[in-house]
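Colleague: Okay, so here is final_39.txt, and as you'll see once you scroll down, it has compact mmCIF, C-alpha atoms.
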```txt
# COMPACT_ATOMS: atom_id res chain seq x y z
CA MET A 228 0.00 0.00 0.00
CA SER A 229 1.30 3.41 -0.90
CA ARG A 230 -0.72 5.16 1.78
CA ARG A 231 0.94 6.66 4.81
CA ARG A 232 0.81 4.19 7.67
CA VAL A 233 -0.86 5.44 10.81
CA SER A 234 0.87 4.79 14.07
CA LEU A 235 -0.78 2.47 16.57
CA ARG A 236 -1.16 5.36 18.98
CA GLN A 237 -3.23 7.30 16.45
CA GLU A 238 -5.32 4.25 15.73
CA LEU A 239 -5.83 3.23 19.35
CA PRO A 240 -8.97 5.31 20.11
CA LEU A 241 -10.71 3.77 17.08
CA LEU A 242 -9.69 0.22 18.09
CA VAL A 243 -10.79 0.73 21.69
CA TRP A 244 -14.14 2.08 20.50
CA LEU A 245 -14.65 -0.91 18.18
CA VAL A 246 -13.89 -3.33 21.02
CA ILE A 247 -16.36 -1.53 23.31
CA VAL A 248 -19.08 -1.72 20.63
CA TRP A 249 -18.33 -5.42 20.14
CA GLY A 250 -18.60 -6.12 23.86
CA ALA A 251 -21.75 -4.03 24.17
CA LEU A 252 -23.47 -5.80 21.29
CA TRP A 253 -22.70 -9.24 22.75
CA GLN A 254 -23.42 -7.93 26.26
CA ASP A 255 -20.35 -9.88 27.27
CA PHE A 256 -17.19 -8.23 28.57
CA SER A 257 -15.31 -11.41 29.42
CA PRO A 258 -11.60 -11.40 28.46
CA GLY A 259 -12.01 -14.02 25.73
CA ASN A 260 -14.77 -12.13 23.99
CA LEU A 261 -12.84 -8.84 24.25
CA LEU A 262 -9.72 -10.48 22.83
CA PHE A 263 -11.65 -11.78 19.84
CA GLY A 264 -13.22 -8.33 19.47
CA ALA A 265 -9.74 -6.78 19.47
CA LEU A 266 -8.60 -9.16 16.72
CA LEU A 267 -11.66 -8.26 14.67
CA ALA A 268 -11.10 -4.54 15.32
CA VAL A 269 -7.54 -4.73 14.00
CA ALA A 270 -8.72 -6.71 10.96
CA VAL A 271 -11.52 -4.22 10.24
CA ALA A 272 -9.22 -1.23 10.67
CA ARG A 273 -6.70 -2.79 8.27
CA LEU A 274 -9.20 -3.93 5.63
CA PHE A 275 -11.52 -0.92 5.61
CA TYR A 276 -8.94 1.78 5.74
CA LEU A 277 -10.16 5.27 6.63
CA PRO A 278 -8.21 8.50 6.55
CA PRO A 279 -6.79 8.90 10.05
CA VAL A 280 -8.49 11.44 12.30
CA GLU A 281 -5.89 13.96 13.34
CA LEU A 282 -6.17 14.07 17.10
CA SER A 283 -4.40 16.84 18.90
CA GLY A 284 -2.87 14.50 21.44
CA ARG A 285 -4.42 16.11 24.48
CA PHE A 286 -7.72 15.44 26.18
CA ASN A 287 -8.73 17.25 29.35
CA VAL A 288 -11.15 15.09 31.34
CA LEU A 289 -11.66 17.77 33.99
CA ARG A 290 -13.00 20.09 31.30
CA ALA A 291 -14.93 17.35 29.50
CA VAL A 292 -17.19 16.34 32.38
CA PRO A 293 -18.64 19.82 33.09
CA PHE A 294 -18.96 20.35 29.34
CA ALA A 295 -20.99 17.13 29.00
CA VAL A 296 -23.22 18.08 31.92
CA ALA A 297 -23.74 21.59 30.54
CA PHE A 298 -24.47 20.05 27.13
CA LEU A 299 -27.19 17.81 28.58
CA GLY A 300 -28.65 20.77 30.43
CA ARG A 301 -28.78 22.83 27.26
CA VAL A 302 -30.37 19.95 25.35
CA VAL A 303 -33.10 19.71 28.00
CA ALA A 304 -33.71 23.46 28.03
CA ALA A 305 -33.71 23.78 24.25
CA SER A 306 -35.98 20.73 23.76
CA CYS A 307 -38.56 22.39 26.01
CA GLN A 308 -38.10 25.62 24.05
CA VAL A 309 -38.73 23.89 20.71
CA PHE A 310 -41.81 22.22 22.22
CA TYR A 311 -43.07 25.60 23.38
CA LEU A 312 -42.37 27.21 19.99
CA ALA A 313 -44.16 24.40 18.16
CA VAL A 314 -47.26 24.80 20.30
CA ALA A 315 -47.31 28.56 20.83
CA GLN A 316 -45.87 30.05 17.62
CA GLY A 317 -46.05 27.33 15.01
CA PRO A 318 -46.36 28.82 11.52
CA LYS A 319 -45.38 32.33 12.65
CA VAL A 320 -41.87 31.42 13.82
CA THR A 321 -39.01 33.60 12.50
CA ASN A 322 -35.67 32.04 11.64
CA ALA A 323 -32.28 33.13 10.36
CA VAL A 324 -29.23 31.71 8.62
CA VAL A 325 -26.15 33.03 10.38
CA ALA A 326 -22.52 32.76 9.32
CA VAL A 327 -20.21 31.94 12.23
CA PRO A 328 -16.45 32.02 11.58
CA LEU A 329 -14.65 29.57 13.86
CA ARG A 330 -11.20 29.97 15.41
CA SER A 331 -9.89 26.50 14.65
CA HIS A 332 -9.10 25.20 11.19
CA SER A 333 -8.80 21.53 12.08
CA ASP A 334 -11.44 19.29 10.54
CA LEU A 335 -12.03 17.50 13.80
CA MET A 336 -12.77 20.68 15.71
CA VAL A 337 -15.10 22.07 13.03
CA THR A 338 -16.95 18.74 12.90
CA ALA A 339 -17.22 18.47 16.66
CA THR A 340 -18.51 22.03 16.98
CA GLY A 341 -21.04 21.45 14.21
CA HIS A 342 -22.20 18.24 15.88
CA VAL A 343 -22.67 19.77 19.30
CA ILE A 344 -24.46 22.79 17.84
CA SER A 345 -26.73 20.58 15.70
CA LEU A 346 -27.64 18.40 18.68
CA ILE A 347 -28.78 21.37 20.72
CA PRO A 348 -32.32 22.07 19.52
CA GLY A 349 -32.91 25.38 17.81
CA SER A 350 -29.76 25.43 15.71
CA LEU A 351 -28.82 23.40 12.66
CA VAL A 352 -25.72 23.45 10.49
CA VAL A 353 -26.82 24.14 6.91
CA GLU A 354 -23.47 24.60 5.24
CA VAL A 355 -19.81 24.31 6.09
CA ASP A 356 -17.09 26.29 4.37
CA ARG A 357 -14.01 24.23 5.04
CA SER A 358 -11.50 26.64 3.53
CA THR A 359 -12.43 29.47 5.92
CA SER A 360 -13.88 27.12 8.57
CA THR A 361 -17.15 29.00 8.66
CA LEU A 362 -20.36 27.35 9.79
CA TYR A 363 -23.67 28.55 8.35
CA ILE A 364 -26.25 27.90 11.00
CA HIS A 365 -30.01 27.92 10.71
CA GLY A 366 -31.43 29.18 13.97
CA LEU A 367 -35.00 28.67 15.09
CA ASN A 368 -36.77 31.71 16.55
CA VAL A 369 -34.05 34.23 15.67
CA ARG A 370 -36.07 37.44 15.37
CA ASN A 371 -33.57 40.30 15.31
CA GLY A 372 -29.93 41.31 15.33
CA GLU A 373 -29.68 40.75 19.04
CA ASP A 374 -30.67 37.09 18.67
CA VAL A 375 -28.17 36.71 15.84
CA ILE A 376 -25.37 37.96 18.08
CA LYS A 377 -26.54 35.63 20.84
CA LEU A 378 -26.54 32.62 18.50
CA ARG A 379 -23.08 33.50 17.20
CA LYS A 380 -21.74 33.85 20.72
CA GLU A 381 -23.24 30.49 21.68
CA VAL A 382 -21.48 28.75 18.80
CA ARG A 383 -18.17 30.43 19.55
CA ASP A 384 -18.50 29.52 23.25
CA THR A 385 -19.16 25.90 22.30
CA GLU A 386 -16.04 25.89 20.18
CA ALA A 387 -14.04 27.45 23.02
CA GLY A 388 -15.22 24.67 25.34
CA LEU A 389 -14.19 22.01 22.83
CA ILE A 390 -10.78 23.64 22.34
CA ARG A 391 -10.26 23.55 26.10
CA ILE A 392 -11.09 19.82 26.06
CA MET A 393 -9.18 18.58 23.03
CA GLY A 394 -7.73 21.43 21.01
CA THR A 395 -4.08 21.65 20.11
CA LYS A 396 -1.72 23.63 22.32
CA GLU A 397 -1.57 26.45 19.75
CA GLU A 398 -5.35 26.77 19.64
CA LEU A 399 -5.51 26.75 23.43
CA SER A 400 -2.90 29.47 23.87
CA ALA A 401 -4.61 31.59 21.19
CA LEU A 402 -7.90 31.15 23.04
CA ASN A 403 -6.35 32.07 26.37
CA GLN A 404 -4.85 35.22 24.86
CA GLU A 405 -8.23 36.13 23.39
CA VAL A 406 -9.97 35.68 26.73
CA GLY A 407 -7.24 37.56 28.57
CA ALA A 408 -7.31 40.49 26.16
CA MET B 96 -28.36 -5.75 48.82
CA ASN B 97 -30.23 -2.97 50.54
CA PRO B 98 -32.04 -2.79 53.88
CA GLU B 99 -35.18 -1.47 52.20
CA PRO B 100 -35.44 -3.00 48.74
CA ASN B 101 -39.08 -1.98 48.38
CA LEU B 102 -38.26 1.68 48.82
CA VAL B 103 -35.43 1.47 46.28
CA ASP B 104 -37.76 -0.30 43.86
CA ALA B 105 -40.39 2.36 44.32
CA VAL B 106 -37.92 5.16 43.67
CA ILE B 107 -36.54 3.44 40.56
CA ASP B 108 -40.05 2.81 39.28
CA ALA B 109 -41.03 6.42 39.86
CA VAL B 110 -37.93 7.80 38.14
CA SER B 111 -38.34 5.55 35.11
CA ALA B 112 -42.04 6.40 34.91
CA VAL B 113 -41.22 10.10 34.82
CA PHE B 114 -38.49 9.48 32.20
CA MET B 115 -40.91 7.53 30.01
CA VAL B 116 -43.65 10.13 30.15
CA VAL B 117 -41.25 13.00 29.44
CA GLY B 118 -39.59 11.00 26.65
CA ALA B 119 -42.97 10.33 25.06
CA LEU B 120 -43.80 14.04 25.41
CA MET B 121 -40.62 14.82 23.45
CA SER B 122 -41.87 12.61 20.61
CA LEU B 123 -45.18 14.44 20.80
CA ALA B 124 -43.25 17.71 20.51
CA ALA B 125 -41.64 16.41 17.31
CA ALA B 126 -45.03 15.50 15.85
CA ILE B 127 -46.57 18.87 16.73
CA GLY B 128 -43.54 20.65 15.31
CA LEU B 129 -43.77 18.72 12.03
CA LEU B 130 -47.40 19.74 11.67
CA ARG B 131 -47.11 23.35 12.74
CA PHE B 132 -43.79 24.69 11.53
CA PRO B 133 -43.95 26.49 8.19
CA ASP B 134 -40.99 25.24 6.14
CA LEU B 135 -38.55 22.36 5.77
CA MET B 136 -35.77 23.93 7.82
CA SER B 137 -37.81 24.64 10.90
CA ARG B 138 -39.42 21.21 10.60
CA MET B 139 -35.94 19.70 10.64
CA HIS B 140 -35.45 21.19 14.09
CA ALA B 141 -38.59 19.52 15.36
CA ALA B 142 -37.97 16.25 13.54
CA THR B 143 -34.46 15.65 14.81
CA LYS B 144 -33.86 17.46 18.05
CA PRO B 145 -36.45 16.47 20.66
CA GLN B 146 -35.59 12.84 19.86
CA VAL B 147 -32.07 13.27 21.20
CA LEU B 148 -33.52 13.96 24.62
CA GLY B 149 -36.57 11.72 24.16
CA LEU B 150 -34.49 8.71 23.19
CA PHE B 151 -32.09 9.38 26.05
CA LEU B 152 -34.94 9.40 28.57
CA LEU B 153 -36.60 6.29 27.14
CA LEU B 154 -33.31 4.34 27.02
CA ALA B 155 -32.54 5.44 30.57
CA SER B 156 -35.90 4.17 31.80
CA VAL B 157 -35.37 0.86 29.97
CA GLY B 158 -31.99 0.56 31.68
CA LEU B 159 -33.49 1.35 35.07
CA GLN B 160 -36.25 -1.20 34.65
CA LEU B 161 -34.09 -4.09 33.42
CA ARG B 162 -31.80 -3.88 36.50
CA THR B 163 -28.81 -5.54 34.88
CA TRP B 164 -25.76 -3.51 34.18
CA TRP B 165 -25.01 -5.54 31.04
CA VAL B 166 -27.72 -3.68 29.23
CA TRP B 167 -26.25 -0.21 29.89
CA PRO B 168 -23.37 -0.41 27.36
CA VAL B 169 -25.82 -1.37 24.59
CA LEU B 170 -28.13 1.50 25.45
CA LEU B 171 -25.18 3.90 25.61
CA VAL B 172 -23.89 2.72 22.23
CA ALA B 173 -27.39 3.13 20.76
CA TRP B 174 -27.57 6.69 22.07
CA ILE B 175 -24.06 7.59 20.89
CA PHE B 176 -24.86 6.34 17.39
CA GLN B 177 -27.98 8.50 17.49
CA LEU B 178 -25.84 11.48 18.52
CA LEU B 179 -23.39 10.81 15.70
CA THR B 180 -25.94 10.31 12.93
CA VAL B 181 -28.66 12.86 13.73
CA PRO B 182 -26.59 15.99 12.93
CA VAL B 183 -25.28 14.44 9.72
CA SER B 184 -28.73 13.60 8.37
CA ALA B 185 -30.08 16.96 9.52
CA HIS B 186 -27.19 18.72 7.79
CA MET B 187 -27.65 16.81 4.53
CA VAL B 188 -31.40 17.46 4.39
CA GLY B 189 -30.91 21.07 5.44
CA ARG B 190 -28.23 21.66 2.84
CA ALA B 191 -30.26 20.10 0.05
CA GLY B 192 -33.38 21.90 1.23
CA TYR B 193 -31.66 25.26 1.22
CA ARG B 194 -30.34 24.83 -2.30
CA THR B 195 -33.61 23.58 -3.72
CA LYS B 196 -35.38 26.60 -2.18
CA HIS B 197 -37.54 24.59 0.19
CA LEU B 198 -37.68 27.39 2.65
CA HIS B 199 -39.66 30.56 3.14
CA LYS B 200 -37.26 33.44 2.69
CA GLU B 201 -39.76 35.91 4.11
CA LEU B 202 -39.58 34.07 7.45
CA LEU B 203 -35.83 34.59 7.74
CA SER B 204 -34.81 37.65 9.72
CA LYS B 205 -31.27 37.35 8.35
CA ASP B 206 -29.66 35.20 5.67
CA GLU B 207 -25.88 35.30 5.44
CA LEU B 208 -25.62 32.24 3.21
CA GLU B 209 -27.61 33.43 0.19
CA ALA B 210 -24.85 35.61 -1.26
CA VAL B 211 -22.29 32.82 -0.84
CA VAL B 212 -24.48 30.24 -2.56
CA GLN B 213 -25.27 32.59 -5.43
CA LYS B 214 -21.60 33.39 -5.89
CA ALA B 215 -20.76 29.67 -5.98
CA ALA B 216 -23.59 29.00 -8.45
CA LYS B 217 -22.35 31.84 -10.66
CA ALA B 218 -18.79 30.50 -10.58
CA ALA B 219 -20.08 27.02 -11.43
CA ARG B 220 -22.09 28.40 -14.37
CA GLU B 221 -19.07 30.31 -15.67
CA SER B 222 -16.74 27.32 -15.48
CA GLU B 223 -19.38 25.25 -17.24
CA ALA B 224 -19.56 27.85 -20.00
CA ASP B 225 -15.78 27.76 -20.31
CA ASP B 226 -15.86 24.01 -20.80
CA GLY B 227 -18.37 24.45 -23.60
CA GLY B 228 -20.96 22.62 -21.55
CA ASN B 229 -19.03 19.37 -21.71
CA ARG B 230 -19.01 18.89 -18.02
CA THR B 231 -22.16 17.64 -16.39
CA ALA B 232 -21.15 18.60 -12.88
```
Could I get this structure in the form of structure tokens?
Modeller:
Amino acid sequence: MSRRRVSLRQELPLLVWLVIVWGALWQDFSPGNLLFGALLAVAVARLFYLPPVELSGRFNVLRAVPFAVAFLGRVVAASCQVFYLAVAQGPKVTNAVVAVPLRSHSDLMVTATGHVISLIPGSLVVEVDRSTSTLYIHGLNVRNGEDVIKLRKEVRDTEAGLIRIMGTKEELSALNQEVGA
Amino acid sequence: MNPEPNLVDAVIDAVSAVFMVVGALMSLAAAIGLLRFPDLMSRMHAATKPQVLGLFLLLASVGLQLRTWWVWPVLLVAWIFQLLTVPVSAHMVGRAGYRTKHLHKELLSKDELEAVVQKAAKAARESEADDGGNRTA
């Protein structure tokens, strides 16, 4: 194969995930089953080769847990809001498509931000401009300029949280400078 | 396992009952949203989003009722796959919907994508004209 080989360290998160899925599907986490799952994971990763995801090499668990809790809280709040909008406003709801330039240019970070934003009800990624790493977001119930600014700030804050969890060192120091300034 | 198993059972039953009712309400929200929202984009919000929470609550109540921890990893994997796939499908439908004009422009208070899409369409038309219309893309 002429493709660049990925190191085992880069591939490890994928393999671990595949083994966990294997164990979960069998509902059996005994060593033998996990070992067979690991063999299958290596075979699958070799046969169905995907472009490696470029991880930054750092992952801050202390930041990730509050982020996950805050994420769940926002999902709950926004689900109730969409419910309310559907019942109370319905056909009269006003929306907007907002361009949000992101700080990071890594594919992983843009994807993760888009995912988190899409999962929170009320915002939906319509288009991604990869060259400038701009997300175009369709927001539900965005009535005026103030709401647009609020939506944009929400997306940028989400990205900041993700950078603190798993961004590269350069992104993190740029973010810290921005916050300090 | 516990001095008062009946009390624990009652609490678990109550929590899972609440989860189930709220989860079902979230599905109801999706249905109401599909009926009431005016265009494809706002319907996408209703069609995809309350399920993330609704499915989470329903899976959690299933896990609480089955009382075996073996079932939790399966439920978690099911939810994670939901989390991974929902935004992708929503994005694809939203993107296609925007470009095929399945939305009510008069309901948008701001649209920062329109100019970009038109510019890209113009560039695509020009490059097609340069090729003498040979290219089908």
Colleague: For chain B versus chain A, which residues have an atom no more than 8 Å away, and what is each residue's nearest atom pair and distance in Å rounded to one decimal, using all atoms listed in the file, chain-then-number order, as JSON lines?
Modeller:
```
{"residue": "B:Met121", "atom": "CA", "partner": "A:Ser306", "partner_atom": "CA", "distance": 7.5}
{"residue": "B:Ala124", "atom": "CA", "partner": "A:Phe310", "partner_atom": "CA", "distance": 5.0}
{"residue": "B:Ala125", "atom": "CA", "partner": "A:Phe310", "partner_atom": "CA", "distance": 7.6}
{"residue": "B:Ile127", "atom": "CA", "partner": "A:Ala313", "partner_atom": "CA", "distance": 6.2}
{"residue": "B:Gly128", "atom": "CA", "partner": "A:Ala313", "partner_atom": "CA", "distance": 4.8}
{"residue": "B:Arg131", "atom": "CA", "partner": "A:Gly317", "partner_atom": "CA", "distance": 4.7}
{"residue": "B:Phe132", "atom": "CA", "partner": "A:Pro318", "partner_atom": "CA", "distance": 4.9}
{"residue": "B:Pro133", "atom": "CA", "partner": "A:Pro318", "partner_atom": "CA", "distance": 4.7}
{"residue": "B:Met136", "atom": "CA", "partner": "A:His365", "partner_atom": "CA", "distance": 7.6}
{"residue": "B:Ser137", "atom": "CA", "partner": "A:Leu367", "partner_atom": "CA", "distance": 6.5}
{"residue": "B:His140", "atom": "CA", "partner": "A:Gly349", "partner_atom": "CA", "distance": 6.2}
{"residue": "B:Ala141", "atom": "CA", "partner": "A:Val309", "partner_atom": "CA", "distance": 6.9}
{"residue": "B:Lys144", "atom": "CA", "partner": "A:Pro348", "partner_atom": "CA", "distance": 5.1}
{"residue": "B:Pro145", "atom": "CA", "partner": "A:Ser306", "partner_atom": "CA", "distance": 5.3}
{"residue": "B:Val147", "atom": "CA", "partner": "A:Leu346", "partner_atom": "CA", "distance": 7.2}
{"residue": "B:Leu148", "atom": "CA", "partner": "A:Val303", "partner_atom": "CA", "distance": 6.7}
{"residue": "B:Trp165", "atom": "CA", "partner": "A:Gln254", "partner_atom": "CA", "distance": 5.6}
{"residue": "B:Val166", "atom": "CA", "partner": "A:Gln254", "partner_atom": "CA", "distance": 6.7}
{"residue": "B:Pro168", "atom": "CA", "partner": "A:Ala251", "partner_atom": "CA", "distance": 5.1}
{"residue": "B:Val169", "atom": "CA", "partner": "A:Ala251", "partner_atom": "CA", "distance": 4.9}
{"residue": "B:Val172", "atom": "CA", "partner": "A:Val248", "partner_atom": "CA", "distance": 6.7}
{"residue": "B:Leu178", "atom": "CA", "partner": "A:Leu346", "partner_atom": "CA", "distance": 7.2}
{"residue": "B:Leu179", "atom": "CA", "partner": "A:His342", "partner_atom": "CA", "distance": 7.5}
{"residue": "B:Val181", "atom": "CA", "partner": "A:Leu346", "partner_atom": "CA", "distance": 7.5}
{"residue": "B:Pro182", "atom": "CA", "partner": "A:Ser345", "partner_atom": "CA", "distance": 5.4}
{"residue": "B:Val183", "atom": "CA", "partner": "A:His342", "partner_atom": "CA", "distance": 7.9}
{"residue": "B:Ala185", "atom": "CA", "partner": "A:Leu351", "partner_atom": "CA", "distance": 7.3}
{"residue": "B:His186", "atom": "CA", "partner": "A:Val353", "partner_atom": "CA", "distance": 5.5}
{"residue": "B:Met187", "atom": "CA", "partner": "A:Val353", "partner_atom": "CA", "distance": 7.8}
{"residue": "B:Gly189", "atom": "CA", "partner": "A:Val353", "partner_atom": "CA", "distance": 5.3}
{"residue": "B:Arg190", "atom": "CA", "partner": "A:Val353", "partner_atom": "CA", "distance": 5.0}
{"residue": "B:Tyr193", "atom": "CA", "partner": "A:Val353", "partner_atom": "CA", "distance": 7.6}
{"residue": "B:Leu202", "atom": "CA", "partner": "A:Thr321", "partner_atom": "CA", "distance": 5.1}
{"residue": "B:Leu203", "atom": "CA", "partner": "A:Ala323", "partner_atom": "CA", "distance": 4.6}
{"residue": "B:Ser204", "atom": "CA", "partner": "A:Ala323", "partner_atom": "CA", "distance": 5.2}
{"residue": "B:Lys205", "atom": "CA", "partner": "A:Ala323", "partner_atom": "CA", "distance": 4.8}
{"residue": "B:Asp206", "atom": "CA", "partner": "A:Val324", "partner_atom": "CA", "distance": 4.6}
{"residue": "B:Glu207", "atom": "CA", "partner": "A:Val325", "partner_atom": "CA", "distance": 5.4}
{"residue": "B:Leu208", "atom": "CA", "partner": "A:Val324", "partner_atom": "CA", "distance": 6.5}
```
Colleague: Which protein, DNA or RNA residues are at most 10 Å from (-11.3, -6.7, 17.4) in the file's coordinates when you count all atoms listed in the file, listed as a PyMOL selection string?
Modeller: chain A and resi 242-250+260-272
Colleague: Using only C-alpha atoms, which residues of stretch 300-380 of chain A come within 8 Å of stretch 388-398 of chain A, and what is the closest atom pair for each, with the distance in Å to one decimal? Give it as JSON lines, sorted by chain and residue number.
Modeller:
```
{"residue": "A:Arg330", "atom": "CA", "partner": "A:Glu398", "partner_atom": "CA", "distance": 7.9}
{"residue": "A:Ser331", "atom": "CA", "partner": "A:Glu398", "partner_atom": "CA", "distance": 6.8}
{"residue": "A:Met336", "atom": "CA", "partner": "A:Gly394", "partner_atom": "CA", "distance": 7.4}
{"residue": "A:Ala339", "atom": "CA", "partner": "A:Leu389", "partner_atom": "CA", "distance": 7.7}
{"residue": "A:Thr340", "atom": "CA", "partner": "A:Leu389", "partner_atom": "CA", "distance": 7.3}
```
Colleague: Report, in Å with one decimal, the straight-line distance from atom CA of A:Ala297 to atom CA of B:Leu171.
Modeller: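 So the two atoms, atom CA of A:Ala297 and atom CA of B:Leu171, lie 18.4 Å apart.
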Colleague: Limit the output to C-alpha atoms and give stretch 315-388 of chain A as a PDB file, in the first residue's frame.
Modeller:
```
ATOM      1  CA  ALA A 315     -47.307  28.559  20.825  1.00  0.00           C
ATOM      2  CA  GLN A 316     -45.872  30.047  17.618  1.00  0.00           C
ATOM      3  CA  GLY A 317     -46.045  27.330  15.005  1.00  0.00           C
ATOM      4  CA  PRO A 318     -46.355  28.824  11.521  1.00  0.00           C
ATOM      5  CA  LYS A 319     -45.382  32.335  12.650  1.00  0.00           C
ATOM      6  CA  VAL A 320     -41.870  31.425  13.822  1.00  0.00           C
ATOM      7  CA  THR A 321     -39.011  33.598  12.502  1.00  0.00           C
ATOM      8  CA  ASN A 322     -35.670  32.040  11.637  1.00  0.00           C
ATOM      9  CA  ALA A 323     -32.281  33.129  10.357  1.00  0.00           C
ATOM     10  CA  VAL A 324     -29.231  31.711   8.623  1.00  0.00           C
ATOM     11  CA  VAL A 325     -26.154  33.028  10.377  1.00  0.00           C
ATOM     12  CA  ALA A 326     -22.517  32.756   9.322  1.00  0.00           C
ATOM     13  CA  VAL A 327     -20.210  31.943  12.231  1.00  0.00           C
ATOM     14  CA  PRO A 328     -16.448  32.020  11.582  1.00  0.00           C
ATOM     15  CA  LEU A 329     -14.646  29.567  13.865  1.00  0.00           C
ATOM     16  CA  ARG A 330     -11.196  29.965  15.407  1.00  0.00           C
ATOM     17  CA  SER A 331      -9.894  26.497  14.652  1.00  0.00           C
ATOM     18  CA  HIS A 332      -9.102  25.204  11.189  1.00  0.00           C
ATOM     19  CA  SER A 333      -8.802  21.534  12.081  1.00  0.00           C
ATOM     20  CA  ASP A 334     -11.440  19.291  10.536  1.00  0.00           C
ATOM     21  CA  LEU A 335     -12.032  17.495  13.801  1.00  0.00           C
ATOM     22  CA  MET A 336     -12.771  20.680  15.706  1.00  0.00           C
ATOM     23  CA  VAL A 337     -15.103  22.072  13.028  1.00  0.00           C
ATOM     24  CA  THR A 338     -16.947  18.745  12.897  1.00  0.00           C
ATOM     25  CA  ALA A 339     -17.219  18.468  16.663  1.00  0.00           C
ATOM     26  CA  THR A 340     -18.511  22.035  16.981  1.00  0.00           C
ATOM     27  CA  GLY A 341     -21.040  21.450  14.214  1.00  0.00           C
ATOM     28  CA  HIS A 342     -22.201  18.245  15.875  1.00  0.00           C
ATOM     29  CA  VAL A 343     -22.675  19.772  19.302  1.00  0.00           C
ATOM     30  CA  ILE A 344     -24.465  22.786  17.836  1.00  0.00           C
ATOM     31  CA  SER A 345     -26.733  20.579  15.704  1.00  0.00           C
ATOM     32  CA  LEU A 346     -27.636  18.404  18.684  1.00  0.00           C
ATOM     33  CA  ILE A 347     -28.784  21.370  20.716  1.00  0.00           C
ATOM     34  CA  PRO A 348     -32.317  22.070  19.518  1.00  0.00           C
ATOM     35  CA  GLY A 349     -32.911  25.385  17.814  1.00  0.00           C
ATOM     36  CA  SER A 350     -29.761  25.429  15.715  1.00  0.00           C
ATOM     37  CA  LEU A 351     -28.822  23.401  12.662  1.00  0.00           C
ATOM     38  CA  VAL A 352     -25.719  23.451  10.492  1.00  0.00           C
ATOM     39  CA  VAL A 353     -26.822  24.141   6.910  1.00  0.00           C
ATOM     40  CA  GLU A 354     -23.468  24.595   5.236  1.00  0.00           C
ATOM     41  CA  VAL A 355     -19.806  24.311   6.091  1.00  0.00           C
ATOM     42  CA  ASP A 356     -17.091  26.292   4.374  1.00  0.00           C
ATOM     43  CA  ARG A 357     -14.013  24.226   5.041  1.00  0.00           C
ATOM     44  CA  SER A 358     -11.500  26.645   3.534  1.00  0.00           C
ATOM     45  CA  THR A 359     -12.427  29.465   5.916  1.00  0.00           C
ATOM     46  CA  SER A 360     -13.883  27.116   8.569  1.00  0.00           C
ATOM     47  CA  THR A 361     -17.152  29.000   8.660  1.00  0.00           C
ATOM     48  CA  LEU A 362     -20.362  27.352   9.788  1.00  0.00           C
ATOM     49  CA  TYR A 363     -23.668  28.554   8.355  1.00  0.00           C
ATOM     50  CA  ILE A 364     -26.250  27.897  10.997  1.00  0.00           C
ATOM     51  CA  HIS A 365     -30.007  27.921  10.712  1.00  0.00           C
ATOM     52  CA  GLY A 366     -31.428  29.178  13.974  1.00  0.00           C
ATOM     53  CA  LEU A 367     -35.004  28.671  15.090  1.00  0.00           C
ATOM     54  CA  ASN A 368     -36.768  31.708  16.547  1.00  0.00           C
ATOM     55  CA  VAL A 369     -34.052  34.230  15.667  1.00  0.00           C
ATOM     56  CA  ARG A 370     -36.075  37.438  15.370  1.00  0.00           C
ATOM     57  CA  ASN A 371     -33.573  40.300  15.306  1.00  0.00           C
ATOM     58  CA  GLY A 372     -29.932  41.307  15.326  1.00  0.00           C
ATOM     59  CA  GLU A 373     -29.676  40.746  19.039  1.00  0.00           C
ATOM     60  CA  ASP A 374     -30.672  37.091  18.674  1.00  0.00           C
ATOM     61  CA  VAL A 375     -28.169  36.710  15.837  1.00  0.00           C
ATOM     62  CA  ILE A 376     -25.373  37.960  18.075  1.00  0.00           C
ATOM     63  CA  LYS A 377     -26.538  35.633  20.839  1.00  0.00           C
ATOM     64  CA  LEU A 378     -26.538  32.622  18.502  1.00  0.00           C
ATOM     65  CA  ARG A 379     -23.083  33.497  17.201  1.00  0.00           C
ATOM     66  CA  LYS A 380     -21.740  33.851  20.724  1.00  0.00           C
ATOM     67  CA  GLU A 381     -23.243  30.492  21.681  1.00  0.00           C
ATOM     68  CA  VAL A 382     -21.481  28.747  18.799  1.00  0.00           C
ATOM     69  CA  ARG A 383     -18.168  30.429  19.554  1.00  0.00           C
ATOM     70  CA  ASP A 384     -18.495  29.517  23.245  1.00  0.00           C
ATOM     71  CA  THR A 385     -19.162  25.902  22.304  1.00  0.00           C
ATOM     72  CA  GLU A 386     -16.043  25.892  20.182  1.00  0.00           C
ATOM     73  CA  ALA A 387     -14.040  27.448  23.024  1.00  0.00           C
ATOM     74  CA  GLY A 388     -15.224  24.675  25.344  1.00  0.00           C
TER      75      GLY A 388
END
```
